[in-house]
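Asks: Quick one: the structure is below, questions incoming.
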Amino acid sequence: MRILHVCSEFYPLLKTGGLADVLGALPLALKKKGVDSRILIPGFPSVLNAIKEKSALHEVKQIDTFAGNITIFYAVFQKLPFYIIDAPHLYAREGSPYHDEYQNDYRDNAIRFALLSFIGAELANNLDPYWSASIVHAHDWHSGLTPAYLAQNGYPAKSVFTIHNLAFSGCFPYISDDELSGYQHISLLDKIGLDNRMFSIDGLEFHGKVSFLKAGLYYSSHVTTVSPTYAQEITLPDFGCGFDGLLASKKQSGKLTGILNGVDYSLWSPKKDPNLKHSYDARQLNNKSLNKLDLQENYHLTKDSTIPLFSVVSRLSHQKGLDLLIDVIPFLIEKNAQLFILGSGDKVLEEKFLSLAKEYPNHIAVKIGYDEELAHNLTAASDIMLIPSRFEPCGLTQLYAMKYGTLPLVRNTGGLADTVVDITQTNITEKLATGIVFNQANTTELIVALEKTFSLWQNKTAWKQVQKNAMKRDFSWSLIADAYIAIYQSL
Ligand code: ADP
């Protein structure tokens, strides 16, 4: 088996969310099991610079494509073979790979990611004379057209498409406004070398637009998503984002599988995390609170280890349900709890959290932005990680929190439902409980969950036991890689 992962992010080269963490771990876990696993990624500045620094770039080929003249390079980085698309006119843009500094999507995203998908398919057709993929594994909408190119060109490689988040459908106009204002109506599919007949409900058309995500769902040999519960949820109208019918039929024919994401414990483990001043494990939990005292001091929160510290490490978006937190702040303050928010996204939420931090400086600290080191420190220092998501394909922060003895407080959805065991009396007695779970995305239920949390906090022995249960859970990639291998083999 020769597997090519086609993706737009890879930790530590470029990360905007969990997608990067998965790509940073899964291909290597597969390789450790003897699967020839490679990566194709656009030559974004952070990717090219980091790879150039650590390794030699070898030119594979220069090609004329619908997106202009480009070069494919090969390099080995962190023991993994990479193909990198060097196309500065498309990718040499600092910051987010998807949008400019004002959060506006790049106008040429359709071309940028069609090119990624196109090269993904060509690497299954001898673009590299020394290696050809037998299975192309595309991740999220950015590489969703890969299965469409494979199908159109009749290449024999099979394809797997993984949904990391169905809410991003990668939709683009079939005929753009620019084209409409001119004389010639050139369709997007004409521009990117795909057959216009694919623009159909039985194809990649979605509500009158070209959806890269739908192309991945429709044309791939097998669809996976990142938790069993999310795999079930997305076949229903409430979670399916309009793709539920297609996904339900995939499920029925055995072509949709939910595989939980894992954790790279070489990066996320309180015993050996280089970001922490005080390392610890389940046997030395006292050291955990030293991290908390440091954090409280550094961010001017009242320095007191007996105060429960809640944290958020997240994109600030509707999906993550963090607007629910605003209404429960008075309750948290009344209970003398502390809250630390690290995240960015929705400007209204950012402003709201910042003003609350000003109002309650001893109780609330906020850092707007992306900060990997602080994410590790906060995961270690806090007592509870809040993840009240409206939907959550898998979620990684609750997995990291558990390893750090920080109890996740989560909504009962997607991967959160699959990974966190609620603190019911029975679960506590049977040493199964690992966090706090609530059902409906509303303030009333969130307050009930917080009340449960505070009463557990009062019982130090029970709290410590739940921490230990959580720290014992094993979400290693090596176990999870087997599930992907089984799918590859079935193809
Ligand atoms: P999603 O991919 O939907 O954003 P996940 O929980 O799957 O959510 O993954 C989020 C990843 O991004 C985790 O590794 C988390 O620690 C990290 N992360 C999110 N926001 C920040 C931030 N502001 N600073 C640092 N890391 C962050």
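Going by the structure tokens order, chains are called A, B, ..., each with residues numbered from 1, while ligands are numbered from 1 in the order shown.
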Could you build a table of the residues in chain A lying no more than 6 Å from ligand 1, giving for each the nearest pair of atoms and their separation in Å rounded to one decimal place, using only C-alpha atoms and all ligand atoms, ordered by chain and ascending residue number, as CSV?

Replies:
```
residue,atom,partner,partner_atom_place_in_ligand_line,distance
A:Gly17,CA,ligand 1,2 (O),3.9
A:Gly18,CA,ligand 1,9 (O),3.3
A:Leu19,CA,ligand 1,2 (O),5.7
A:Val313,CA,ligand 1,20 (N),4.9
A:Ser314,CA,ligand 1,20 (N),3.7
A:Arg315,CA,ligand 1,20 (N),4.9
A:Leu342,CA,ligand 1,23 (N),5.0
A:Gly343,CA,ligand 1,23 (N),3.5
A:Ser344,CA,ligand 1,23 (N),5.8
A:Gly369,CA,ligand 1,23 (N),5.2
A:Tyr370,CA,ligand 1,24 (N),3.5
A:Asp371,CA,ligand 1,24 (N),4.0
A:Glu372,CA,ligand 1,25 (C),4.1
A:Ala375,CA,ligand 1,25 (C),4.9
A:Gly395,CA,ligand 1,6 (O),3.6
A:Leu396,CA,ligand 1,6 (O),3.9
A:Thr397,CA,ligand 1,6 (O),4.7
```

Asks: Set out as a Markdown table a contact list for region 167-273 of chain A and region 412-432 of chain A with a cut-off of 9 Å, giving each residue of region 167-273 of chain A that qualifies its closest atom pair and distance in Å to one decimal, counting only C-alpha atoms, ordered by chain and rising residue number.

Replies:
```
| residue | atom | partner | partner_atom | distance |
| --- | --- | --- | --- | --- |
| A:Val226 | CA | A:Gly415 | CA | 7.3 |
| A:Ser227 | CA | A:Gly415 | CA | 5.1 |
| A:Pro228 | CA | A:Gly415 | CA | 7.3 |
| A:Thr229 | CA | A:Gly414 | CA | 4.8 |
| A:Tyr230 | CA | A:Gly414 | CA | 4.3 |
| A:Ala231 | CA | A:Gly414 | CA | 8.0 |
| A:Gln232 | CA | A:Gly414 | CA | 8.6 |
| A:Glu233 | CA | A:Gly414 | CA | 7.3 |
| A:Leu260 | CA | A:Gly415 | CA | 7.0 |
| A:Asn261 | CA | A:Gly415 | CA | 8.5 |
```

Asks: Any idea what's packed within 12 Å of Ala50 (chain A), counting only C-alpha atoms, ignoring anything in its chain fewer than 5 positions away? Could you give it as a VMD selection string?

Replies: chain A and resid 10 to 14 43 to 45 55 to 57 75 to 78

Asks: How would you write, as a count of residues only, the set of residues in region 16-81 of chain A that DSSP gives as helix (DSSP H, G or I)?

Replies: 25

Asks: Show me, as a PyMOL selection string, the residues that have an atom within 8 Å of Ile364 (chain A) when counting only C-alpha atoms, minus same-chain residues fewer than 4 positions from it.

Replies: chain A and resi 301+338-341+356-357+360

Asks: Quick one: residues within 10 Å of region 184-191 of chain A, only C-alpha atoms counted, chain neighbours fewer than 3 positions away excluded, as a list in words?

Replies: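 The residues that qualify are Phe66, Ala67, Ala110, Ile111, Ala114, Phe172, Pro173, Tyr174, Ile175, Ser176, Asp177, Asp178, Glu179, Leu180, Ser181, Leu194, Asp195, Asn196, Arg197, Met198, Phe199, Lys209 and Val210 of chain A.
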
Asks: Any chance you could export the current selection's N, CA, C and O atoms as a PDB file, in the first residue's frame?

Replies:
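As written to disk, result.pdb reads:
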```pdb
ATOM      1  N   PHE A  66      -3.411  24.333 -15.162  1.00  0.00           N
ATOM      2  CA  PHE A  66      -4.443  25.378 -15.284  1.00  0.00           C
ATOM      3  C   PHE A  66      -4.144  26.552 -14.352  1.00  0.00           C
ATOM      4  O   PHE A  66      -4.675  27.642 -14.511  1.00  0.00           O
ATOM      5  N   ALA A  67      -3.287  26.295 -13.342  1.00  0.00           N
ATOM      6  CA  ALA A  67      -2.965  27.360 -12.381  1.00  0.00           C
ATOM      7  C   ALA A  67      -1.587  27.945 -12.670  1.00  0.00           C
ATOM      8  O   ALA A  67      -0.995  28.579 -11.793  1.00  0.00           O
ATOM      9  N   ALA A 110     -10.458  28.874  -4.952  1.00  0.00           N
ATOM     10  CA  ALA A 110     -10.900  27.737  -5.782  1.00  0.00           C
ATOM     11  C   ALA A 110      -9.722  27.200  -6.594  1.00  0.00           C
ATOM     12  O   ALA A 110      -9.509  25.985  -6.674  1.00  0.00           O
ATOM     13  N   ILE A 111      -8.944  28.114  -7.177  1.00  0.00           N
ATOM     14  CA  ILE A 111      -7.807  27.682  -7.999  1.00  0.00           C
ATOM     15  C   ILE A 111      -6.702  27.105  -7.111  1.00  0.00           C
ATOM     16  O   ILE A 111      -6.106  26.067  -7.418  1.00  0.00           O
ATOM     17  N   ALA A 114      -7.935  23.712  -5.913  1.00  0.00           N
ATOM     18  CA  ALA A 114      -8.105  22.777  -7.041  1.00  0.00           C
ATOM     19  C   ALA A 114      -6.727  22.263  -7.456  1.00  0.00           C
ATOM     20  O   ALA A 114      -6.556  21.081  -7.779  1.00  0.00           O
ATOM     21  N   PHE A 172     -17.958  27.286  -4.208  1.00  0.00           N
ATOM     22  CA  PHE A 172     -17.531  28.385  -5.091  1.00  0.00           C
ATOM     23  C   PHE A 172     -18.546  28.507  -6.231  1.00  0.00           C
ATOM     24  O   PHE A 172     -19.122  27.503  -6.663  1.00  0.00           O
ATOM     25  N   PRO A 173     -18.728  29.747  -6.753  1.00  0.00           N
ATOM     26  CA  PRO A 173     -19.684  29.908  -7.859  1.00  0.00           C
ATOM     27  C   PRO A 173     -19.258  29.089  -9.086  1.00  0.00           C
ATOM     28  O   PRO A 173     -18.058  29.006  -9.387  1.00  0.00           O
ATOM     29  N   TYR A 174     -20.254  28.526  -9.736  1.00  0.00           N
ATOM     30  CA  TYR A 174     -19.966  27.771 -10.970  1.00  0.00           C
ATOM     31  C   TYR A 174     -19.461  28.734 -12.035  1.00  0.00           C
ATOM     32  O   TYR A 174     -18.503  28.480 -12.748  1.00  0.00           O
ATOM     33  N   ILE A 175     -20.170  29.876 -12.126  1.00  0.00           N
ATOM     34  CA  ILE A 175     -19.663  30.958 -12.978  1.00  0.00           C
ATOM     35  C   ILE A 175     -19.486  32.172 -12.086  1.00  0.00           C
ATOM     36  O   ILE A 175     -20.447  32.607 -11.427  1.00  0.00           O
ATOM     37  N   SER A 176     -18.281  32.695 -12.003  1.00  0.00           N
ATOM     38  CA  SER A 176     -18.023  33.761 -11.037  1.00  0.00           C
ATOM     39  C   SER A 176     -18.575  35.087 -11.535  1.00  0.00           C
ATOM     40  O   SER A 176     -18.842  35.266 -12.725  1.00  0.00           O
ATOM     41  N   ASP A 177     -18.737  36.044 -10.607  1.00  0.00           N
ATOM     42  CA  ASP A 177     -19.228  37.378 -10.971  1.00  0.00           C
ATOM     43  C   ASP A 177     -18.321  38.007 -12.021  1.00  0.00           C
ATOM     44  O   ASP A 177     -18.772  38.680 -12.931  1.00  0.00           O
ATOM     45  N   ASP A 178     -17.011  37.788 -11.889  1.00  0.00           N
ATOM     46  CA  ASP A 178     -16.055  38.353 -12.849  1.00  0.00           C
ATOM     47  C   ASP A 178     -16.372  37.860 -14.255  1.00  0.00           C
ATOM     48  O   ASP A 178     -16.358  38.605 -15.221  1.00  0.00           O
ATOM     49  N   GLU A 179     -16.701  36.568 -14.339  1.00  0.00           N
ATOM     50  CA  GLU A 179     -17.005  35.996 -15.650  1.00  0.00           C
ATOM     51  C   GLU A 179     -18.316  36.551 -16.191  1.00  0.00           C
ATOM     52  O   GLU A 179     -18.444  36.855 -17.365  1.00  0.00           O
ATOM     53  N   LEU A 180     -19.300  36.697 -15.288  1.00  0.00           N
ATOM     54  CA  LEU A 180     -20.619  37.150 -15.738  1.00  0.00           C
ATOM     55  C   LEU A 180     -20.554  38.546 -16.334  1.00  0.00           C
ATOM     56  O   LEU A 180     -21.301  38.885 -17.242  1.00  0.00           O
ATOM     57  N   SER A 181     -19.620  39.372 -15.781  1.00  0.00           N
ATOM     58  CA  SER A 181     -19.537  40.730 -16.311  1.00  0.00           C
ATOM     59  C   SER A 181     -18.845  40.770 -17.677  1.00  0.00           C
ATOM     60  O   SER A 181     -18.922  41.757 -18.389  1.00  0.00           O
ATOM     61  N   LEU A 194     -12.028  20.178 -15.105  1.00  0.00           N
ATOM     62  CA  LEU A 194     -12.980  19.099 -14.788  1.00  0.00           C
ATOM     63  C   LEU A 194     -14.166  19.175 -15.738  1.00  0.00           C
ATOM     64  O   LEU A 194     -14.517  20.251 -16.237  1.00  0.00           O
ATOM     65  N   ASP A 195     -14.771  18.036 -15.979  1.00  0.00           N
ATOM     66  CA  ASP A 195     -15.875  17.923 -16.919  1.00  0.00           C
ATOM     67  C   ASP A 195     -17.118  18.630 -16.369  1.00  0.00           C
ATOM     68  O   ASP A 195     -17.505  18.378 -15.219  1.00  0.00           O
ATOM     69  N   ASN A 196     -17.736  19.492 -17.187  1.00  0.00           N
ATOM     70  CA  ASN A 196     -18.928  20.214 -16.719  1.00  0.00           C
ATOM     71  C   ASN A 196     -20.076  19.280 -16.343  1.00  0.00           C
ATOM     72  O   ASN A 196     -20.977  19.668 -15.611  1.00  0.00           O
ATOM     73  N   ARG A 197     -20.020  18.047 -16.852  1.00  0.00           N
ATOM     74  CA  ARG A 197     -21.105  17.119 -16.505  1.00  0.00           C
ATOM     75  C   ARG A 197     -21.071  16.740 -15.016  1.00  0.00           C
ATOM     76  O   ARG A 197     -22.032  16.213 -14.476  1.00  0.00           O
ATOM     77  N   MET A 198     -19.923  17.008 -14.385  1.00  0.00           N
ATOM     78  CA  MET A 198     -19.851  16.737 -12.938  1.00  0.00           C
ATOM     79  C   MET A 198     -20.703  17.723 -12.136  1.00  0.00           C
ATOM     80  O   MET A 198     -20.991  17.489 -10.967  1.00  0.00           O
ATOM     81  N   PHE A 199     -21.082  18.831 -12.784  1.00  0.00           N
ATOM     82  CA  PHE A 199     -21.884  19.843 -12.092  1.00  0.00           C
ATOM     83  C   PHE A 199     -23.339  19.390 -12.071  1.00  0.00           C
ATOM     84  O   PHE A 199     -24.191  19.860 -12.833  1.00  0.00           O
ATOM     85  N   LYS A 209     -23.863  25.668  -6.518  1.00  0.00           N
ATOM     86  CA  LYS A 209     -22.434  26.002  -6.473  1.00  0.00           C
ATOM     87  C   LYS A 209     -21.594  24.747  -6.630  1.00  0.00           C
ATOM     88  O   LYS A 209     -22.099  23.619  -6.492  1.00  0.00           O
ATOM     89  N   VAL A 210     -20.314  24.962  -6.858  1.00  0.00           N
ATOM     90  CA  VAL A 210     -19.380  23.834  -6.891  1.00  0.00           C
ATOM     91  C   VAL A 210     -18.888  23.634  -5.457  1.00  0.00           C
ATOM     92  O   VAL A 210     -18.333  24.565  -4.864  1.00  0.00           O
TER      93      VAL A 210
END
```

Asks: Which one of A:Ser476, A:Ser46, A:Thr162, A:Thr235 sits closest to Tyr265 (chain A) if you count only C-alpha atoms?

Replies: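 Of A:Ser476, A:Ser46, A:Thr162, A:Thr235, the one nearest Tyr265 (chain A), counting only C-alpha atoms, is A:Ser476.
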
Asks: For the contact check between region 130-162 of chain A and region 166-170 of chain A, emit one row per residue of region 130-162 of chain A within 10 Å, containing the shortest atom pair and the distance in Å rounded to one decimal, counting only C-alpha atoms, chain then rising number order, as a Markdown table.

Replies:
```
| residue | atom | partner | partner_atom | distance |
| --- | --- | --- | --- | --- |
| A:Asp140 | CA | A:Leu166 | CA | 8.0 |
| A:Trp141 | CA | A:Gly170 | CA | 5.4 |
| A:His142 | CA | A:Gly170 | CA | 7.1 |
| A:Ser143 | CA | A:Gly170 | CA | 9.7 |
| A:Gly144 | CA | A:Gly170 | CA | 8.5 |
| A:Thr162 | CA | A:Leu166 | CA | 9.7 |
```

Asks: Any chance you could export the current selection's N, CA, C and O atoms as an mmCIF file, in the first residue's frame?

Replies:
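Output file selection-v1.cif follows:
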```
data_model
loop_
_atom_site.group_PDB
_atom_site.id
_atom_site.type_symbol
_atom_site.label_atom_id
_atom_site.label_comp_id
_atom_site.auth_asym_id
_atom_site.auth_seq_id
_atom_site.Cartn_x
_atom_site.Cartn_y
_atom_site.Cartn_z
ATOM 1 N N ASP A 140 -10.526 16.963 4.299
ATOM 2 C CA ASP A 140 -11.366 18.175 4.274
ATOM 3 C C ASP A 140 -11.472 18.786 2.869
ATOM 4 O O ASP A 140 -10.836 18.339 1.919
ATOM 5 N N TRP A 141 -12.268 19.856 2.765
ATOM 6 C CA TRP A 141 -12.651 20.358 1.425
ATOM 7 C C TRP A 141 -11.448 20.788 0.591
ATOM 8 O O TRP A 141 -11.499 20.724 -0.641
ATOM 9 N N HIS A 142 -10.368 21.199 1.266
ATOM 10 C CA HIS A 142 -9.210 21.727 0.525
ATOM 11 C C HIS A 142 -8.682 20.717 -0.504
ATOM 12 O O HIS A 142 -8.125 21.095 -1.520
ATOM 13 N N SER A 143 -8.863 19.446 -0.202
ATOM 14 C CA SER A 143 -8.372 18.421 -1.130
ATOM 15 C C SER A 143 -9.530 17.580 -1.672
ATOM 16 O O SER A 143 -9.325 16.515 -2.243
ATOM 17 N N GLY A 144 -10.751 18.108 -1.505
ATOM 18 C CA GLY A 144 -11.938 17.330 -1.873
ATOM 19 C C GLY A 144 -12.053 16.992 -3.348
ATOM 20 O O GLY A 144 -12.720 16.023 -3.728
ATOM 21 N N THR A 162 -11.563 12.152 4.283
ATOM 22 C CA THR A 162 -11.887 12.301 5.703
ATOM 23 C C THR A 162 -12.491 13.669 5.978
ATOM 24 O O THR A 162 -11.914 14.695 5.626
#
```
